[in-house]
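Trainee: Structure incoming, see below.
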Amino acid sequence: MIIEIGHYALVLALAAAIVVSLVPAIGARRLDQAMMDVAPLGSLVLFALVTFSFCVLTYAHVVSDFTVRNVWENSHSLVPLIYKYSGVWGNHEGSMMLWLLILALFSALVALFGRNLPDRLKANVLSVQAWISAAFILFILLTSNPFVRLDPAPAEGRDLNPVLQDIGLAIHPPLLYLGYVGFSVCFSFAVAALIEGRIDAAWARWVRPWTLAAWTFLTLGIAMGSYWAYYELGWGGWWFWDPVENASFMPWLAGTALLHSALVMEKREALKIWTVLLAILTFSLSLLGTFLVRSGVLTSVHAFASDPSRGVFILCILMLFIGGALSLFAFRAPRLSAGGLFAPVSREGALVLNNLILTVACGTVLTGTLYPLLLETLTGDKISVGAPFFNMTFGLLMAPLLVAVPFGPLLAWKRGDLLGVLQRLYVVAGVAFAAAIAVFYIEHGGPVLSVLGLAAGLFLVAGAAADLWYRAGIGKVKAHVAWKRLTGLPRSAFGTALAHAGLGVSVIGIVAVSAFSTEHVLEMKPGETTEAGGYTLSFDGLKPAKGPNYSEERGHFTVRRGGAVVADTWSAKRLYAARQMPTTEAGILTFGASQLYVSLGDPTKDGGIVVRIWWKPFILLIWGGTLLMAVGGFVSLSDRRLRVGAPRRKARPLKPVMEATE
């Protein structure tokens, strides 16, 4: 009975979403306060109903209720409890429920924390959020119902996909969706502002915290997915330019551009039209990613759905919201003022350069991802656009951005002094280049261009520190005065420095592991040894073992350096009985920021086994940098200036507003 109640709650949620999507919007047009007040209450009711429905589905998984098709297809009575929870979203239907839950959560947060918003704008924002919620509730109810019963009920489930039975996949989807779906608020603000006809600095001030929160969670989600693929799939790589990976990376690139564009709009009332367009495009890319993963047009370890009817439904949602928002933008944009002017050499100019590079890079990734699909659809020919294309085009586009990032915070608003900034940064650049040469020498050579990549990463880190250094006046004023200035800086200044430094740390890790890593593929028998990364690995043999729902063959390796044992590790080949599906569990040893990675292959006829061994120097800096970027995002969010909105303003008729902005 509880399952039917959960299903009914989802139906009631659809009714609530329809009410919130219509009544407040009509009230905003008529300036009817009572109708506009329906938006916050209705959004909270919608969130409560969706949360209850999601909890019912979670309960069914935890108690292994195999009368529910979704539980039978994606769970097993022997699955550890943590994977019963993660199994809720480790499938198409459940992941869409998580998508909807987070969408309703953001609507509720806007209702609770948007008290400083003008009533008309708030009503329109929550109304647009409800339109999106209603569309996805319909999608779930009509094509992806997770509450379908089985009669008769099976005695046992089919088990969760073994590669999803990992703590990383318990964390990755919620973080990713908090980013993906969080951009819906920016989208709703953009559409609501276009409906109302008012785009100003106050609008950017309201949008920026939501953009920053979504960007931060998406950063963590992408990083967690990358690390999971690295250690779980046994491929030894951290990024594969998989189309589904690209689907999450494109909103991140657009969201990064939006974050910087909104800053220009808030500070200088410039780039108004461009910022609104970016807000629409960022969430549009999130919807596109949802379509790619759920439509069945892609075959990937990340993709869930293969039902064409689902793909057609999501494509209709895509066309409705993206097409509708862009049409509204095309109608309203010519009647909006572009904003203030500024010199090319200024902080605004640096942020425009940032936007230009990021959007072109995003377009490049979009082209490389969709072109094979479009070509196959139109001609039937199948081609593959792989890592060489993305590495070349994306790398070349991002190189000038890495150099330009430290300049931006040091330039003045409206008109900057480029020569003065160069004088401040030339020592930083020299130190970064010298340190890059030192790393190159320590690693005993490699591609010469790696020196430039390492120098760029170090320049980003040192440039972020230099920004705080010069702001505090260190070396120019007394120590206690400099300390007082430093501690008096707004938290957003520290957040920006941390985010830029984190980008530099990730660049250092990417360049180092790409230039200096080594790989050995060989057959090993018990007692044999091999060298990797300055360490000696001895293969001690295989040992069978059993887990709660799998059996495995574990290979033991002893690691020595200079003849002394420094570590040991196990690498395994698992077989999950319910699905008869094998997986590889890599043995990973960490030495500082570097790792020794051991993966078992197939056994050989003469009693040996194929072993793949990678030495990954400084690879942990890749994810350490992303964590630093996320910390920077949270530090910026804690800035009081992002939590205190502009005062309320009385609503004015739409026509005078439009005339004032022309």
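Residue names in the structure tokens use chain letters A, B, ... in the order shown, residue numbers from 1 in each chain, and ligand numbers from 1 in the order shown.
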Quick one: contact table of segment 474-557 of chain A to segment 247-265 of chain A, 12 Å max, nearest atom pair and distance in Å to one decimal per residue, counting only C-alpha atoms, chain and number order, as CSV?
Mentor:
```
residue,atom,partner,partner_atom,distance
A:Ser492,CA,A:Leu263,CA,11.4
A:Thr496,CA,A:His260,CA,10.7
A:Ala499,CA,A:Thr256,CA,11.1
A:His500,CA,A:Thr256,CA,11.8
```
Trainee: So that I can check the secondary structure, give me every residue of segment 490-543 of chain A assigned helix (DSSP H, G or I) by backbone DSSP, as a PDB file with C-alpha atoms, in the first residue's frame.
Mentor:
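So selection01.pdb came out as:
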```
ATOM      1  CA  ARG A 491      35.487  36.508   1.705  1.00  0.00           C
ATOM      2  CA  SER A 492      34.758  36.573  -1.996  1.00  0.00           C
ATOM      3  CA  ALA A 493      38.349  37.789  -2.562  1.00  0.00           C
ATOM      4  CA  PHE A 494      39.689  34.704  -0.783  1.00  0.00           C
ATOM      5  CA  GLY A 495      37.174  32.518  -2.623  1.00  0.00           C
ATOM      6  CA  THR A 496      38.319  33.871  -5.981  1.00  0.00           C
ATOM      7  CA  ALA A 497      41.975  33.338  -5.075  1.00  0.00           C
ATOM      8  CA  LEU A 498      41.294  29.767  -3.945  1.00  0.00           C
ATOM      9  CA  ALA A 499      39.333  28.957  -7.114  1.00  0.00           C
ATOM     10  CA  HIS A 500      42.044  30.367  -9.395  1.00  0.00           C
ATOM     11  CA  ALA A 501      44.765  28.594  -7.417  1.00  0.00           C
ATOM     12  CA  GLY A 502      42.760  25.364  -7.582  1.00  0.00           C
ATOM     13  CA  LEU A 503      42.615  25.654 -11.351  1.00  0.00           C
ATOM     14  CA  GLY A 504      46.394  26.046 -11.369  1.00  0.00           C
ATOM     15  CA  VAL A 505      46.883  22.986  -9.143  1.00  0.00           C
ATOM     16  CA  SER A 506      44.677  20.898 -11.471  1.00  0.00           C
ATOM     17  CA  VAL A 507      46.626  22.122 -14.515  1.00  0.00           C
ATOM     18  CA  ILE A 508      49.894  21.081 -12.851  1.00  0.00           C
ATOM     19  CA  GLY A 509      48.467  17.620 -12.176  1.00  0.00           C
ATOM     20  CA  ILE A 510      47.103  17.238 -15.724  1.00  0.00           C
ATOM     21  CA  VAL A 511      50.365  18.277 -17.356  1.00  0.00           C
ATOM     22  CA  ALA A 512      52.514  16.162 -15.036  1.00  0.00           C
ATOM     23  CA  VAL A 513      50.527  12.953 -15.420  1.00  0.00           C
ATOM     24  CA  SER A 514      50.245  13.455 -19.197  1.00  0.00           C
ATOM     25  CA  ALA A 515      53.971  14.123 -19.640  1.00  0.00           C
ATOM     26  CA  PHE A 516      55.690  11.945 -17.062  1.00  0.00           C
TER      27      PHE A 516
END
```
Trainee: Within 10 Å of segment 108-124 of chain A, counting only C-alpha atoms, which residues qualify if same-chain residues fewer than 5 places away don't, as a PyMOL selection string?
Mentor: chain A and resi 20-33+35-48+102-103+129-130+185+188-189+191-193+195-196+198+202-203+206+210+643-652
Trainee: Please provide as a PyMOL selection string all residues within 8 Å of segment 423-436 of chain A, with the sequence filter that same-chain residues fewer than 2 positions apart are discarded (counting only C-alpha atoms).
Mentor: chain A and resi 419-421+438-440+451-452+454-456+458-459+462-463+466
Trainee: For the selection just defined, write its residues with N, CA and C atoms to a file, as a PDB file, in the first residue's frame.
Mentor:
```
ATOM      1  N   LEU A 419      50.509  47.740 -18.130  1.00  0.00           N
ATOM      2  CA  LEU A 419      51.943  47.807 -17.825  1.00  0.00           C
ATOM      3  C   LEU A 419      52.175  47.660 -16.323  1.00  0.00           C
ATOM      4  N   GLY A 420      51.322  48.305 -15.523  1.00  0.00           N
ATOM      5  CA  GLY A 420      51.461  48.193 -14.080  1.00  0.00           C
ATOM      6  C   GLY A 420      51.252  46.773 -13.593  1.00  0.00           C
ATOM      7  N   VAL A 421      50.277  46.074 -14.174  1.00  0.00           N
ATOM      8  CA  VAL A 421      50.036  44.678 -13.793  1.00  0.00           C
ATOM      9  C   VAL A 421      51.199  43.800 -14.217  1.00  0.00           C
ATOM     10  N   ALA A 438      62.563  23.122 -12.883  1.00  0.00           N
ATOM     11  CA  ALA A 438      63.039  22.248 -11.811  1.00  0.00           C
ATOM     12  C   ALA A 438      62.256  20.931 -11.792  1.00  0.00           C
ATOM     13  N   VAL A 439      60.927  21.012 -11.928  1.00  0.00           N
ATOM     14  CA  VAL A 439      60.106  19.793 -11.971  1.00  0.00           C
ATOM     15  C   VAL A 439      60.481  18.948 -13.180  1.00  0.00           C
ATOM     16  N   PHE A 440      60.686  19.589 -14.316  1.00  0.00           N
ATOM     17  CA  PHE A 440      61.081  18.890 -15.543  1.00  0.00           C
ATOM     18  C   PHE A 440      62.395  18.142 -15.331  1.00  0.00           C
ATOM     19  N   VAL A 451      57.000  21.934 -19.958  1.00  0.00           N
ATOM     20  CA  VAL A 451      57.530  23.030 -19.142  1.00  0.00           C
ATOM     21  C   VAL A 451      56.572  24.217 -19.176  1.00  0.00           C
ATOM     22  N   LEU A 452      56.055  24.516 -20.373  1.00  0.00           N
ATOM     23  CA  LEU A 452      55.118  25.636 -20.498  1.00  0.00           C
ATOM     24  C   LEU A 452      53.820  25.343 -19.756  1.00  0.00           C
ATOM     25  N   LEU A 454      53.402  23.312 -17.110  1.00  0.00           N
ATOM     26  CA  LEU A 454      53.679  23.408 -15.680  1.00  0.00           C
ATOM     27  C   LEU A 454      53.825  24.860 -15.244  1.00  0.00           C
ATOM     28  N   ALA A 455      54.510  25.654 -16.085  1.00  0.00           N
ATOM     29  CA  ALA A 455      54.688  27.078 -15.758  1.00  0.00           C
ATOM     30  C   ALA A 455      53.344  27.791 -15.705  1.00  0.00           C
ATOM     31  N   ALA A 456      52.419  27.449 -16.617  1.00  0.00           N
ATOM     32  CA  ALA A 456      51.093  28.076 -16.612  1.00  0.00           C
ATOM     33  C   ALA A 456      50.341  27.746 -15.325  1.00  0.00           C
ATOM     34  N   LEU A 458      51.657  26.821 -12.379  1.00  0.00           N
ATOM     35  CA  LEU A 458      52.324  27.496 -11.265  1.00  0.00           C
ATOM     36  C   LEU A 458      52.065  29.000 -11.285  1.00  0.00           C
ATOM     37  N   PHE A 459      51.946  29.580 -12.484  1.00  0.00           N
ATOM     38  CA  PHE A 459      51.649  31.004 -12.622  1.00  0.00           C
ATOM     39  C   PHE A 459      50.257  31.314 -12.074  1.00  0.00           C
ATOM     40  N   ALA A 462      50.627  31.085  -8.154  1.00  0.00           N
ATOM     41  CA  ALA A 462      51.364  32.236  -7.631  1.00  0.00           C
ATOM     42  C   ALA A 462      50.621  33.542  -7.892  1.00  0.00           C
ATOM     43  N   GLY A 463      49.929  33.627  -9.039  1.00  0.00           N
ATOM     44  CA  GLY A 463      49.164  34.830  -9.345  1.00  0.00           C
ATOM     45  C   GLY A 463      48.018  35.048  -8.370  1.00  0.00           C
ATOM     46  N   ALA A 466      49.556  36.380  -5.331  1.00  0.00           N
ATOM     47  CA  ALA A 466      49.999  37.759  -5.567  1.00  0.00           C
ATOM     48  C   ALA A 466      48.836  38.738  -5.448  1.00  0.00           C
TER      49      ALA A 466
END
```
Trainee: Could you tell me, as a PyMOL selection string, which residues of segment 363-575 of chain A DSSP assigns to strand (DSSP E) when given the backbone?
Mentor: chain A and resi 518-524+529-532+535-546+550-561+564-575
Trainee: Between atom CA of Thr626 of chain A and atom CA of Val276 of chain A, what distance in Å does the model show, to one decimal?
Mentor: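 If I compute the distance from atom CA of Thr626 of chain A to atom CA of Val276 of chain A, I get 26.9 Å.
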Trainee: Please report as a Markdown table every residue of segment 228-297 of chain A lying within 12 Å of segment 311-333 of chain A, along with the nearest atom pair and their distance in Å (one decimal), using only C-alpha atoms.
Mentor:
```
| residue | atom | partner | partner_atom | distance |
| --- | --- | --- | --- | --- |
| A:Leu271 | CA | A:Ala333 | CA | 11.9 |
| A:Lys272 | CA | A:Ala333 | CA | 9.5 |
| A:Ile273 | CA | A:Ala333 | CA | 6.5 |
| A:Trp274 | CA | A:Ala333 | CA | 9.5 |
| A:Thr275 | CA | A:Ala333 | CA | 11.3 |
| A:Val276 | CA | A:Phe329 | CA | 8.3 |
| A:Leu277 | CA | A:Phe329 | CA | 7.4 |
| A:Leu278 | CA | A:Leu326 | CA | 10.8 |
| A:Ala279 | CA | A:Ala325 | CA | 10.3 |
| A:Ile280 | CA | A:Ala325 | CA | 6.9 |
| A:Leu281 | CA | A:Ile322 | CA | 8.0 |
| A:Thr282 | CA | A:Ile322 | CA | 10.4 |
| A:Phe283 | CA | A:Ile322 | CA | 8.7 |
| A:Ser284 | CA | A:Ile322 | CA | 5.9 |
| A:Leu285 | CA | A:Ile322 | CA | 9.3 |
| A:Ser286 | CA | A:Leu318 | CA | 9.9 |
| A:Leu287 | CA | A:Leu318 | CA | 6.4 |
| A:Leu288 | CA | A:Leu318 | CA | 7.0 |
| A:Gly289 | CA | A:Leu318 | CA | 10.3 |
| A:Thr290 | CA | A:Ile314 | CA | 8.0 |
| A:Phe291 | CA | A:Ile314 | CA | 5.8 |
| A:Leu292 | CA | A:Gly311 | CA | 8.2 |
| A:Val293 | CA | A:Gly311 | CA | 9.1 |
| A:Arg294 | CA | A:Gly311 | CA | 6.4 |
| A:Ser295 | CA | A:Gly311 | CA | 3.6 |
| A:Gly296 | CA | A:Gly311 | CA | 6.7 |
| A:Val297 | CA | A:Gly311 | CA | 8.0 |
```
Trainee: Let me make sure I understand: among A:His76, A:His61, A:Lys616, A:Arg310, which one has the smallest atom-to-atom distance to Thr143 of chain A if we use only C-alpha atoms?
Mentor: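 Of A:His76, A:His61, A:Lys616, A:Arg310, the one nearest Thr143 of chain A, counting only C-alpha atoms, is A:Arg310.
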Trainee: Pick out the residues sitting within 12 Å of Pro490 of chain A, and hand them over as an MDAnalysis selection string; count only C-alpha atoms, and ignore anything fewer than 2 positions along from it in its own chain.
Mentor: chainID A and resid 468 471:472 485:488 492:497 635:642
Trainee: Take the residues from that selection and write them out as a PDB file, in the first residue's frame, keeping N, CA and C atoms.
Mentor:
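Output saved as again.pdb:
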```pdb
ATOM      1  N   LEU A 468      46.225  38.568  -3.422  1.00  0.00           N
ATOM      2  CA  LEU A 468      46.020  38.839  -1.994  1.00  0.00           C
ATOM      3  C   LEU A 468      47.189  39.633  -1.419  1.00  0.00           C
ATOM      4  N   ARG A 471      46.808  43.284  -2.481  1.00  0.00           N
ATOM      5  CA  ARG A 471      45.641  43.892  -1.832  1.00  0.00           C
ATOM      6  C   ARG A 471      45.950  44.243  -0.381  1.00  0.00           C
ATOM      7  N   ALA A 472      46.709  43.379   0.278  1.00  0.00           N
ATOM      8  CA  ALA A 472      47.049  43.623   1.680  1.00  0.00           C
ATOM      9  C   ALA A 472      48.180  44.623   1.828  1.00  0.00           C
ATOM     10  N   ARG A 485      44.687  44.548   6.860  1.00  0.00           N
ATOM     11  CA  ARG A 485      44.103  44.667   5.520  1.00  0.00           C
ATOM     12  C   ARG A 485      43.732  43.301   4.966  1.00  0.00           C
ATOM     13  N   LEU A 486      44.620  42.333   5.171  1.00  0.00           N
ATOM     14  CA  LEU A 486      44.368  40.994   4.638  1.00  0.00           C
ATOM     15  C   LEU A 486      43.131  40.373   5.267  1.00  0.00           C
ATOM     16  N   THR A 487      43.038  40.449   6.586  1.00  0.00           N
ATOM     17  CA  THR A 487      41.877  39.856   7.265  1.00  0.00           C
ATOM     18  C   THR A 487      40.606  40.655   7.021  1.00  0.00           C
ATOM     19  N   GLY A 488      40.755  41.901   6.588  1.00  0.00           N
ATOM     20  CA  GLY A 488      39.583  42.718   6.302  1.00  0.00           C
ATOM     21  C   GLY A 488      39.045  42.575   4.895  1.00  0.00           C
ATOM     22  N   SER A 492      34.769  36.886  -0.567  1.00  0.00           N
ATOM     23  CA  SER A 492      34.758  36.573  -1.996  1.00  0.00           C
ATOM     24  C   SER A 492      36.146  36.733  -2.610  1.00  0.00           C
ATOM     25  N   ALA A 493      36.985  37.631  -2.054  1.00  0.00           N
ATOM     26  CA  ALA A 493      38.349  37.789  -2.562  1.00  0.00           C
ATOM     27  C   ALA A 493      39.160  36.526  -2.295  1.00  0.00           C
ATOM     28  N   PHE A 494      38.997  35.950  -1.093  1.00  0.00           N
ATOM     29  CA  PHE A 494      39.689  34.704  -0.783  1.00  0.00           C
ATOM     30  C   PHE A 494      39.107  33.552  -1.615  1.00  0.00           C
ATOM     31  N   GLY A 495      37.788  33.556  -1.807  1.00  0.00           N
ATOM     32  CA  GLY A 495      37.174  32.518  -2.623  1.00  0.00           C
ATOM     33  C   GLY A 495      37.676  32.541  -4.051  1.00  0.00           C
ATOM     34  N   THR A 496      37.797  33.734  -4.622  1.00  0.00           N
ATOM     35  CA  THR A 496      38.319  33.871  -5.981  1.00  0.00           C
ATOM     36  C   THR A 496      39.756  33.370  -6.063  1.00  0.00           C
ATOM     37  N   ALA A 497      40.578  33.772  -5.081  1.00  0.00           N
ATOM     38  CA  ALA A 497      41.975  33.338  -5.075  1.00  0.00           C
ATOM     39  C   ALA A 497      42.087  31.818  -4.959  1.00  0.00           C
ATOM     40  N   VAL A 635      33.553  29.376   0.093  1.00  0.00           N
ATOM     41  CA  VAL A 635      34.020  30.565   0.815  1.00  0.00           C
ATOM     42  C   VAL A 635      33.350  31.815   0.251  1.00  0.00           C
ATOM     43  N   SER A 636      33.258  31.901  -1.066  1.00  0.00           N
ATOM     44  CA  SER A 636      32.581  33.051  -1.679  1.00  0.00           C
ATOM     45  C   SER A 636      31.109  33.092  -1.301  1.00  0.00           C
ATOM     46  N   LEU A 637      30.468  31.924  -1.235  1.00  0.00           N
ATOM     47  CA  LEU A 637      29.051  31.882  -0.852  1.00  0.00           C
ATOM     48  C   LEU A 637      28.832  32.364   0.573  1.00  0.00           C
ATOM     49  N   SER A 638      29.847  32.208   1.426  1.00  0.00           N
ATOM     50  CA  SER A 638      29.705  32.643   2.816  1.00  0.00           C
ATOM     51  C   SER A 638      29.862  34.148   2.967  1.00  0.00           C
ATOM     52  N   ASP A 639      30.248  34.836   1.882  1.00  0.00           N
ATOM     53  CA  ASP A 639      30.387  36.292   1.921  1.00  0.00           C
ATOM     54  C   ASP A 639      29.012  36.925   2.172  1.00  0.00           C
ATOM     55  N   ARG A 640      28.919  37.754   3.165  1.00  0.00           N
ATOM     56  CA  ARG A 640      27.639  38.362   3.531  1.00  0.00           C
ATOM     57  C   ARG A 640      27.043  39.165   2.380  1.00  0.00           C
ATOM     58  N   ARG A 641      27.913  39.721   1.517  1.00  0.00           N
ATOM     59  CA  ARG A 641      27.407  40.534   0.417  1.00  0.00           C
ATOM     60  C   ARG A 641      26.603  39.717  -0.583  1.00  0.00           C
ATOM     61  N   LEU A 642      26.829  38.385  -0.600  1.00  0.00           N
ATOM     62  CA  LEU A 642      26.051  37.526  -1.492  1.00  0.00           C
ATOM     63  C   LEU A 642      24.771  37.034  -0.835  1.00  0.00           C
TER      64      LEU A 642
END
```
Trainee: Which polymer residues have any atom within 8 Å of an atom of segment 405-418 of chain A, counting only C-alpha atoms, with same-chain residues fewer than 2 positions away left out, as a count of residues only?
Mentor: 23
Trainee: Between A:Thr216, A:Ser184, A:Ser75, A:Thr67, which one has atoms that come closest to Pro152 of chain A, using only C-alpha atoms?
Mentor: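 Of A:Thr216, A:Ser184, A:Ser75, A:Thr67, the one nearest Pro152 of chain A, counting only C-alpha atoms, is A:Thr67.
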Trainee: Rank nothing, just name the residue among A:Val559, A:Ala204, A:Leu175, A:Ala223 nearest to Leu620 of chain A, using only C-alpha atoms.
Mentor: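 Closest to Leu620 of chain A, using only C-alpha atoms: A:Ala223.
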Trainee: Would you mind listing what lies within 9 Å of Asn145 of chain A as a list of chain:residue names, with only C-alpha atoms counted and same-chain residues fewer than 6 positions away left out?
Mentor: A:His7, A:Asn70, A:Glu93, A:Gly94, A:Phe139
Trainee: Would you put the residues from that selection into a file with N, CA and C atoms, as a tab-separated table (two decimals), in the first residue's frame?
Mentor:
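Final output, saved to part.tsv:
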```tsv
chain	number	residue	atom	x	y	z
A	7	HIS	N	3.21	6.70	-5.18
A	7	HIS	CA	2.83	7.01	-6.56
A	7	HIS	C	1.78	8.12	-6.58
A	70	ASN	N	11.22	-1.66	-10.27
A	70	ASN	CA	12.46	-0.90	-10.17
A	70	ASN	C	13.42	-1.51	-9.17
A	93	GLU	N	14.92	5.32	-13.84
A	93	GLU	CA	13.73	5.85	-13.17
A	93	GLU	C	14.11	6.56	-11.86
A	94	GLY	N	14.96	5.91	-11.07
A	94	GLY	CA	15.35	6.50	-9.80
A	94	GLY	C	16.16	7.76	-9.96
A	139	PHE	N	6.95	13.35	-17.45
A	139	PHE	CA	7.88	12.40	-18.06
A	139	PHE	C	8.02	11.15	-17.21
```
Trainee: What gap, in Å, lies between atom CA of Met524 of chain A and atom CA of Tyr597 of chain A?
Mentor: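 So the two atoms, atom CA of Met524 of chain A and atom CA of Tyr597 of chain A, lie 15.5 Å apart.
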Trainee: Rank nothing, just name the residue among A:Val79, A:Cys362, A:Val125, A:Ile383 nearest to Gly547 of chain A, using only C-alpha atoms.
Mentor: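 Result for the nearest residue to Gly547 of chain A: A:Val79.
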Trainee: Looking at only C-alpha atoms, which of A:Leu176, A:Ala213, A:Leu336, A:Leu449 is the one that sits closest to Ser226 of chain A?
Mentor: A:Leu176
